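So this block is query_27.tsv, TSV, C-alpha atoms and all ligand atoms:
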```tsv
chain	number	residue	atom	x	y	z
A	1	MET	CA	64.41	85.05	95.46
A	2	ALA	CA	67.49	83.70	93.67
A	3	LEU	CA	70.72	85.56	94.14
A	4	THR	CA	71.78	87.08	90.83
A	5	ASP	CA	74.22	89.88	90.08
A	6	SER	CA	71.32	92.23	89.49
A	7	THR	CA	69.74	91.33	92.83
A	8	ALA	CA	73.03	92.01	94.62
A	9	ASP	CA	73.41	95.32	92.77
A	10	ALA	CA	69.86	96.36	93.65
A	11	VAL	CA	70.39	95.51	97.32
A	12	ASP	CA	73.67	97.45	97.28
A	13	ALA	CA	71.84	100.47	95.85
A	14	PHE	CA	69.16	100.14	98.55
A	15	VAL	CA	71.75	99.88	101.33
A	16	THR	CA	73.76	102.76	99.89
A	17	ASP	CA	70.71	105.04	99.84
A	18	LEU	CA	69.68	104.01	103.32
A	19	LEU	CA	72.91	103.71	105.31
A	20	ALA	CA	75.97	104.67	103.25
A	21	THR	CA	74.73	107.77	101.53
A	22	GLU	CA	77.23	109.48	99.27
A	23	ASP	CA	77.47	113.23	99.69
A	24	ASP	CA	78.77	115.77	97.16
A	25	ALA	CA	82.43	115.15	98.03
A	26	LEU	CA	82.18	111.39	97.48
A	27	ARG	CA	80.20	111.83	94.25
A	28	ARG	CA	82.74	114.39	93.08
A	29	ALA	CA	85.56	111.92	93.72
A	30	LEU	CA	83.82	109.31	91.57
A	31	ARG	CA	83.19	111.81	88.79
A	32	ALA	CA	86.73	113.19	88.83
A	33	GLY	CA	88.22	109.69	88.70
A	34	ASP	CA	85.96	108.84	85.80
A	35	GLU	CA	86.82	112.06	83.92
A	36	ALA	CA	90.53	111.39	84.44
A	37	GLY	CA	90.08	107.98	82.81
A	38	MET	CA	90.78	106.04	85.98
A	39	PRO	CA	89.21	102.57	86.33
A	40	PRO	CA	86.07	102.51	88.53
A	41	ILE	CA	87.53	100.05	91.03
A	42	GLN	CA	87.06	102.03	94.26
A	43	VAL	CA	85.31	100.33	97.18
A	44	SER	CA	81.52	100.35	97.14
A	45	ALA	CA	79.74	102.88	99.37
A	46	PRO	CA	78.68	100.21	101.90
A	47	HIS	CA	82.29	99.01	102.10
A	48	GLY	CA	83.52	102.59	102.44
A	49	MET	CA	81.11	102.93	105.35
A	50	LEU	CA	82.37	99.65	106.81
A	51	LEU	CA	85.95	100.97	106.73
A	52	GLN	CA	84.78	104.17	108.41
A	53	LEU	CA	82.91	102.25	111.12
A	54	LEU	CA	85.89	99.99	111.83
A	55	ALA	CA	88.18	103.01	112.12
A	56	ARG	CA	85.73	104.78	114.41
A	57	ALA	CA	85.03	101.69	116.53
A	58	MET	CA	88.72	101.31	117.28
A	59	GLY	CA	89.26	105.03	117.76
A	60	ALA	CA	91.91	105.12	115.03
A	61	ARG	CA	94.00	108.31	115.06
A	62	ARG	CA	96.49	107.20	112.44
A	63	ILE	CA	95.44	105.29	109.32
A	64	LEU	CA	97.59	104.00	106.47
A	65	GLU	CA	96.12	103.23	103.05
A	66	ILE	CA	98.00	101.45	100.26
A	67	GLY	CA	96.40	102.36	96.90
A	68	ALA	CA	94.64	105.74	96.74
A	69	LEU	CA	93.18	105.85	93.20
A	70	ALA	CA	90.94	108.97	93.23
A	71	GLY	CA	90.76	109.16	97.00
A	72	TYR	CA	87.27	107.70	97.35
A	73	SER	CA	88.05	105.20	100.13
A	74	ALA	CA	90.40	107.78	101.66
A	75	ILE	CA	87.44	110.15	102.11
A	76	TRP	CA	85.45	107.46	103.94
A	77	LEU	CA	88.44	106.62	106.14
A	78	ALA	CA	89.59	110.18	106.86
A	79	ARG	CA	86.09	111.08	108.04
A	80	ALA	CA	86.56	108.61	110.89
A	81	LEU	CA	89.57	110.52	112.24
A	82	PRO	CA	89.31	112.61	115.40
A	83	GLU	CA	90.74	116.12	115.61
A	84	GLY	CA	94.49	115.90	115.01
A	85	GLY	CA	94.23	112.45	113.35
A	86	ARG	CA	96.09	111.54	110.18
A	87	LEU	CA	95.63	109.39	107.09
A	88	VAL	CA	98.61	108.57	104.88
A	89	THR	CA	97.70	107.08	101.50
A	90	LEU	CA	100.29	105.62	99.13
A	91	GLU	CA	99.82	105.84	95.37
A	92	LEU	CA	102.08	104.74	92.51
A	93	GLU	CA	100.60	106.89	89.72
A	94	PRO	CA	101.32	110.64	89.95
A	95	ARG	CA	98.12	111.37	87.99
A	96	HIS	CA	96.01	109.35	90.43
A	97	ALA	CA	97.69	111.05	93.38
A	98	GLU	CA	96.97	114.46	91.91
A	99	VAL	CA	93.27	113.68	91.41
A	100	ALA	CA	93.09	112.15	94.91
A	101	ARG	CA	94.63	115.25	96.49
A	102	ASP	CA	92.15	117.41	94.64
A	103	ASN	CA	89.20	115.31	95.79
A	104	LEU	CA	90.41	115.26	99.38
A	105	ARG	CA	90.85	119.03	99.30
A	106	ALA	CA	87.31	119.44	97.96
A	107	ALA	CA	86.10	117.18	100.79
A	108	GLY	CA	87.73	119.51	103.33
A	109	LEU	CA	90.19	116.83	104.42
A	110	ALA	CA	93.48	118.20	103.06
A	111	ASP	CA	94.68	119.07	106.57
A	112	ARG	CA	94.57	115.48	107.78
A	113	VAL	CA	95.47	113.45	104.67
A	114	GLU	CA	98.83	113.03	103.00
A	115	VAL	CA	99.01	111.42	99.54
A	116	VAL	CA	102.49	109.95	99.03
A	117	VAL	CA	103.49	109.24	95.41
A	118	GLY	CA	105.67	106.30	94.41
A	119	PRO	CA	105.86	102.53	94.67
A	120	ALA	CA	104.32	101.56	98.00
A	121	THR	CA	107.33	99.46	99.00
A	122	VAL	CA	109.61	102.50	98.71
A	123	SER	CA	107.28	104.70	100.76
A	124	LEU	CA	106.80	101.96	103.34
A	125	ARG	CA	110.53	101.42	103.72
A	126	LYS	CA	111.03	105.17	104.18
A	127	MET	CA	108.39	105.32	106.88
A	128	THR	CA	110.01	102.48	108.83
A	129	GLU	CA	113.41	104.17	108.50
A	130	THR	CA	112.08	107.47	109.83
A	131	ASN	CA	110.34	105.72	112.74
A	132	VAL	CA	106.92	107.23	112.12
A	133	GLU	CA	104.37	106.77	114.88
A	134	PRO	CA	102.59	103.39	114.53
A	135	PHE	CA	99.35	103.24	112.56
A	136	ASP	CA	96.16	102.06	114.26
A	137	MET	CA	94.65	100.76	111.03
A	138	VAL	CA	95.94	99.79	107.58
A	139	PHE	CA	93.84	99.37	104.44
A	140	ILE	CA	95.65	97.40	101.71
A	141	ASP	CA	94.12	97.91	98.26
A	142	ALA	CA	96.95	98.32	95.68
A	143	ASP	CA	98.48	95.74	93.28
A	144	LYS	CA	97.53	92.27	94.45
A	145	GLU	CA	100.99	90.78	93.73
A	146	GLY	CA	102.37	93.14	96.38
A	147	TYR	CA	99.99	92.11	99.18
A	148	PRO	CA	102.39	89.70	100.98
A	149	GLU	CA	105.11	92.33	101.08
A	150	TYR	CA	102.63	95.03	102.18
A	151	LEU	CA	101.69	92.81	105.09
A	152	GLU	CA	105.31	92.56	106.24
A	153	TRP	CA	105.74	96.34	106.14
A	154	SER	CA	102.36	96.86	107.79
A	155	LEU	CA	103.45	94.71	110.71
A	156	ARG	CA	106.48	96.93	111.17
A	157	LEU	CA	104.32	100.05	111.06
A	158	THR	CA	101.54	98.99	113.45
A	159	ARG	CA	101.19	98.14	117.14
A	160	SER	CA	99.46	95.56	119.25
A	161	GLY	CA	95.73	96.18	118.72
A	162	SER	CA	96.01	97.60	115.20
A	163	LEU	CA	93.70	96.39	112.43
A	164	ILE	CA	94.94	95.40	108.96
A	165	VAL	CA	92.18	95.20	106.33
A	166	ALA	CA	92.78	93.97	102.77
A	167	ASP	CA	90.41	94.35	99.80
A	168	ASN	CA	89.76	91.91	96.94
A	169	VAL	CA	90.81	88.71	98.63
A	170	VAL	CA	88.20	86.51	96.93
A	171	ARG	CA	87.81	87.88	93.38
A	172	GLY	CA	85.01	85.61	92.24
A	173	GLY	CA	86.77	82.64	93.78
A	174	ALA	CA	90.05	83.23	91.89
A	175	VAL	CA	91.86	83.01	95.23
A	176	LEU	CA	91.61	79.22	94.86
A	177	ASP	CA	93.26	79.28	91.41
A	178	ALA	CA	97.01	78.93	91.91
A	179	SER	CA	97.83	79.71	88.27
A	180	ASP	CA	96.66	83.36	88.38
A	181	PRO	CA	99.58	85.55	89.64
A	182	ARG	CA	97.31	88.19	91.18
A	183	ALA	CA	95.28	85.52	92.94
A	184	ALA	CA	98.53	83.88	94.01
A	185	GLY	CA	99.58	87.12	95.73
A	186	VAL	CA	96.31	87.27	97.62
A	187	ARG	CA	96.52	83.61	98.50
A	188	ARG	CA	100.02	84.02	99.89
A	189	TYR	CA	98.76	87.05	101.83
A	190	LEU	CA	96.05	84.94	103.46
A	191	GLU	CA	98.49	82.11	104.16
A	192	ARG	CA	100.79	84.56	105.90
A	193	LEU	CA	97.93	85.91	107.97
A	194	ALA	CA	97.32	82.33	109.08
A	195	ALA	CA	100.97	81.49	109.74
A	196	ASP	CA	101.91	84.63	111.64
A	197	GLU	CA	101.47	84.29	115.37
A	198	ARG	CA	101.17	88.04	115.70
A	199	LEU	CA	97.89	88.03	113.74
A	200	GLU	CA	94.35	86.81	114.17
A	201	ALA	CA	92.27	87.11	111.04
A	202	THR	CA	89.26	86.13	109.01
A	203	VAL	CA	87.82	86.66	105.53
A	204	ILE	CA	84.31	87.85	104.85
A	205	GLN	CA	82.96	87.11	101.38
A	206	THR	CA	80.93	89.90	99.83
A	207	VAL	CA	78.53	90.53	96.95
A	208	GLY	CA	77.28	93.80	95.48
A	209	VAL	CA	78.28	96.34	92.85
A	210	LYS	CA	81.88	95.05	92.89
A	211	GLY	CA	80.74	91.50	92.16
A	212	TYR	CA	81.64	88.50	94.29
A	213	ASP	CA	84.70	89.39	96.35
A	214	GLY	CA	85.85	89.63	99.95
A	215	LEU	CA	87.73	91.48	102.67
A	216	ALA	CA	90.39	90.07	104.98
A	217	ILE	CA	90.37	91.57	108.46
A	218	ALA	CA	93.35	90.97	110.74
A	219	LEU	CA	94.04	92.08	114.29
A	220	VAL	CA	97.61	92.56	115.46
A	221	ARG	CA	97.86	90.82	118.83
B	1	LIG	N1	91.52	102.39	97.61
B	1	LIG	C1	90.95	102.97	96.40
B	1	LIG	C2	91.13	102.07	95.21
B	1	LIG	C3	92.55	101.71	94.91
B	1	LIG	S1	92.75	101.00	93.30
B	1	LIG	C4	89.46	103.23	96.64
B	1	LIG	O1	88.78	102.29	97.10
B	1	LIG	O2	88.98	104.34	96.40
B	1	LIG	C5	94.43	100.56	93.36
B	1	LIG	C6	95.41	101.74	93.31
B	1	LIG	O3	96.69	101.22	93.67
B	1	LIG	C7	95.56	102.36	91.91
B	1	LIG	O4	95.39	103.74	91.96
B	1	LIG	C8	96.98	102.00	91.51
B	1	LIG	O5	97.62	103.00	90.73
B	1	LIG	C9	97.65	101.87	92.87
B	1	LIG	N2	98.86	101.03	92.83
B	1	LIG	C10	99.13	99.97	92.03
B	1	LIG	N3	100.35	99.50	92.30
B	1	LIG	C11	100.88	100.25	93.27
B	1	LIG	C12	102.13	100.27	93.97
B	1	LIG	N4	103.08	99.39	93.69
B	1	LIG	N5	102.33	101.21	94.92
B	1	LIG	C13	101.36	102.11	95.22
B	1	LIG	N6	100.16	102.14	94.60
B	1	LIG	C14	99.92	101.24	93.64
B	2	LIG	C1	90.79	95.80	90.83
B	2	LIG	C2	91.43	96.37	91.91
B	2	LIG	C3	90.72	96.65	93.05
B	2	LIG	O1	91.31	97.19	94.14
B	2	LIG	C4	89.37	96.39	93.11
B	2	LIG	O2	88.70	96.70	94.26
B	2	LIG	C5	88.72	95.84	92.02
B	2	LIG	C6	89.44	95.54	90.87
B	2	LIG	C7	91.56	95.50	89.60
B	2	LIG	O3	92.76	95.82	89.57
B	2	LIG	O4	90.99	94.96	88.68
B	3	MG	MG	90.06	97.11	95.85
```
The structure given in the file should be rewritten as structure tokens.
Ligand code: SAH
Ligand code: DHB
Ligand code: MG
Amino acid sequence: MALTDSTADAVDAFVTDLLATEDDALRRALRAGDEAGMPPIQVSAPHGMLLQLLARAMGARRILEIGALAGYSAIWLARALPEGGRLVTLELEPRHAEVARDNLRAAGLADRVEVVVGPATVSLRKMTETNVEPFDMVFIDADKEGYPEYLEWSLRLTRSGSLIVADNVVRGGAVLDASDPRAAGVRRYLERLAADERLEATVIQTVGVKGYDGLAIALVR
């Protein structure tokens, strides 16, 4: 069978039903984001499950997310946390943050998730200044121009053995197009992953309901 967008979408639906089933809280988050007029750019359910599995596999107790939107990926990630674990998610738009908080509360996760409003760089700087405990995992998914800077801050906020995952690093192949500023941010991000001796990383290309895209996964040595 030829790979078409509709084939990839159908397989994603099949995998979602089978292995990455969305419960009421996740469906509510999607609906609330939609009703608030937010763009439907959250991770797919299979990718949400991948984030959860990575966090669980490494026993993450502290997770940092950059870009909360309606809190959909935050729900997947926070569900990986053990008792006493914490997810901090950074969000520029107060309206998004408000909807995300609401969705996380409805998911029963308010006690372990903090939604921090403001430009991510400001929140990241503050966290380094207050010497917060290092994060075991970081999920970067905000403005693509900011990715290189988010990587620098993430390195200051993690430890040896932490995982840094970034979304949307392929974007239909746009990563190869130097003239697109968003793609340029992602490209510089990947080049820094390669150049930094503290990191070992790869990119996995993906298809599905989000189209042709990819995730970068980096381990802090
Ligand atoms: N991780 C979410 C999707 C995030 S979409 C999920 O999968 O469910 C990207 C989010 O990043 C948007 O909500 C956008 O408002 C936010 N964002 C954009 N620029 C930002 C910045 N400079 N600082 C913090 N958040 C930002
Ligand atoms: C966009 C952002 C995302 O994080 C994503 O997963 C898909 C699209 C966007 O800004 O268009
Ligand atoms: Mg994304």
Using only C-alpha atoms and all ligand atoms, pick whichever of A:Thr128, A:Gln42, A:Thr121, A:Thr4 has the shortest atom-to-atom distance to ligand LIG 2 (chain B).
->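 Residue with the minimum atom-to-atom distance to ligand LIG 2 (chain B): A:Gln42.
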Pairwise distance for atom CA of Val117 of chain A and atom CA of Ala60 of chain A, rounded to one decimal in Å =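 Computing it gives 23.2 Å between the two atoms.
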May I ask which of the residues A:Gly84, A:Pro148, A:Gly48, A:Gly211 is the closest one to ligand LIG 1 (chain B), counting all atoms listed in the file?
->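 Checking each candidate against ligand LIG 1 (chain B), we get A:Gly48 as the closest.
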Could you give me, as a PyMOL selection string, every polymer residue with an atom at most 6 Å away from an atom of ligand MG 3 (chain B), counting all atoms listed in the file?
-> chain A and resi 42-43+141+167-168
Can I get the selected residues back with C-alpha atoms, as an mmCIF file, in the coordinates of the input?
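After the write, result.cif holds the following:
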```
data_model
loop_
_atom_site.group_PDB
_atom_site.id
_atom_site.type_symbol
_atom_site.label_atom_id
_atom_site.label_comp_id
_atom_site.auth_asym_id
_atom_site.auth_seq_id
_atom_site.Cartn_x
_atom_site.Cartn_y
_atom_site.Cartn_z
ATOM 1 C CA GLN A 42 87.060 102.030 94.260
ATOM 2 C CA VAL A 43 85.310 100.330 97.180
ATOM 3 C CA ASP A 141 94.120 97.910 98.260
ATOM 4 C CA ASP A 167 90.410 94.350 99.800
ATOM 5 C CA ASN A 168 89.760 91.910 96.940
#
```
Up to 10 Å from (99.8, 101.9, 109.3) in the file's coordinates: name the residues, counting only C-alpha atoms, as a ChimeraX atom specification.
-> /A:62-66,87-89,124,127,132-140,153-159,162-164
Could you put an axis-aligned box around every listed atom of ligand LIG 2 (chain B), padded by 5 Å on each side, and send me its centre and edge lengths in Å to one decimal, as JSON?
```
{"center_x": 90.7, "center_y": 96.1, "center_z": 91.5, "size_x": 14.1, "size_y": 12.2, "size_z": 15.6}
```
If we count all atoms listed in the file, what is near Glu22 of chain A at a cut-off of 12 Å, once residues fewer than 2 positions away on the same chain are taken out, given as JSON, numbers by chain?
-> {"A": [13, 15, 16, 17, 18, 19, 20, 24, 25, 26, 27, 28, 29, 30, 44, 45, 46, 47, 48, 49, 72, 73, 75, 76, 107]}
Can you list every residue of chain A that has an atom at most 7 Å from ligand LIG 1 (chain B), with its nearest atom pair and the distance in Å to one decimal, using all atoms listed in the file, ordered by chain then number, as CSV?
```
residue,atom,partner,partner_atom,distance
A:Ile41,CA,B:LIG1,S1,5.8
A:Gln42,CA,B:LIG1,O1,3.3
A:Val43,CA,B:LIG1,O1,4.0
A:Ile66,CA,B:LIG1,C13,6.1
A:Gly67,CA,B:LIG1,O3,3.4
A:Ala68,CA,B:LIG1,C1,4.6
A:Leu69,CA,B:LIG1,O4,3.3
A:Ala70,CA,B:LIG1,O2,5.9
A:Gly71,CA,B:LIG1,O2,5.2
A:Tyr72,CA,B:LIG1,O2,3.9
A:Ser73,CA,B:LIG1,O2,3.9
A:Ala74,CA,B:LIG1,O2,6.4
A:Leu90,CA,B:LIG1,C13,5.4
A:Glu91,CA,B:LIG1,N6,3.8
A:Leu92,CA,B:LIG1,C13,3.8
A:Glu93,CA,B:LIG1,O5,5.0
A:His96,CA,B:LIG1,O4,5.8
A:Gly118,CA,B:LIG1,C13,6.1
A:Pro119,CA,B:LIG1,N5,3.8
A:Ala120,CA,B:LIG1,N5,3.7
A:Thr121,CA,B:LIG1,N5,6.7
A:Asp141,CA,B:LIG1,N1,5.2
A:Ala142,CA,B:LIG1,O3,3.5
A:Asp143,CA,B:LIG1,N3,4.3
A:Gly146,CA,B:LIG1,N4,6.8
```
With distances taken over only C-alpha atoms, the candidate from A:Tyr189, A:Ala10, A:Val113, A:Leu176 nearest Glu149 of chain A is A:Tyr189
Shortest interatomic distance to ligand LIG 2 (chain B) - which of A:Ala201, A:Ala100, A:Ala184, A:Ala166, counting all atoms listed in the file |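 The answer is A:Ala166, which sits nearest to ligand LIG 2 (chain B).
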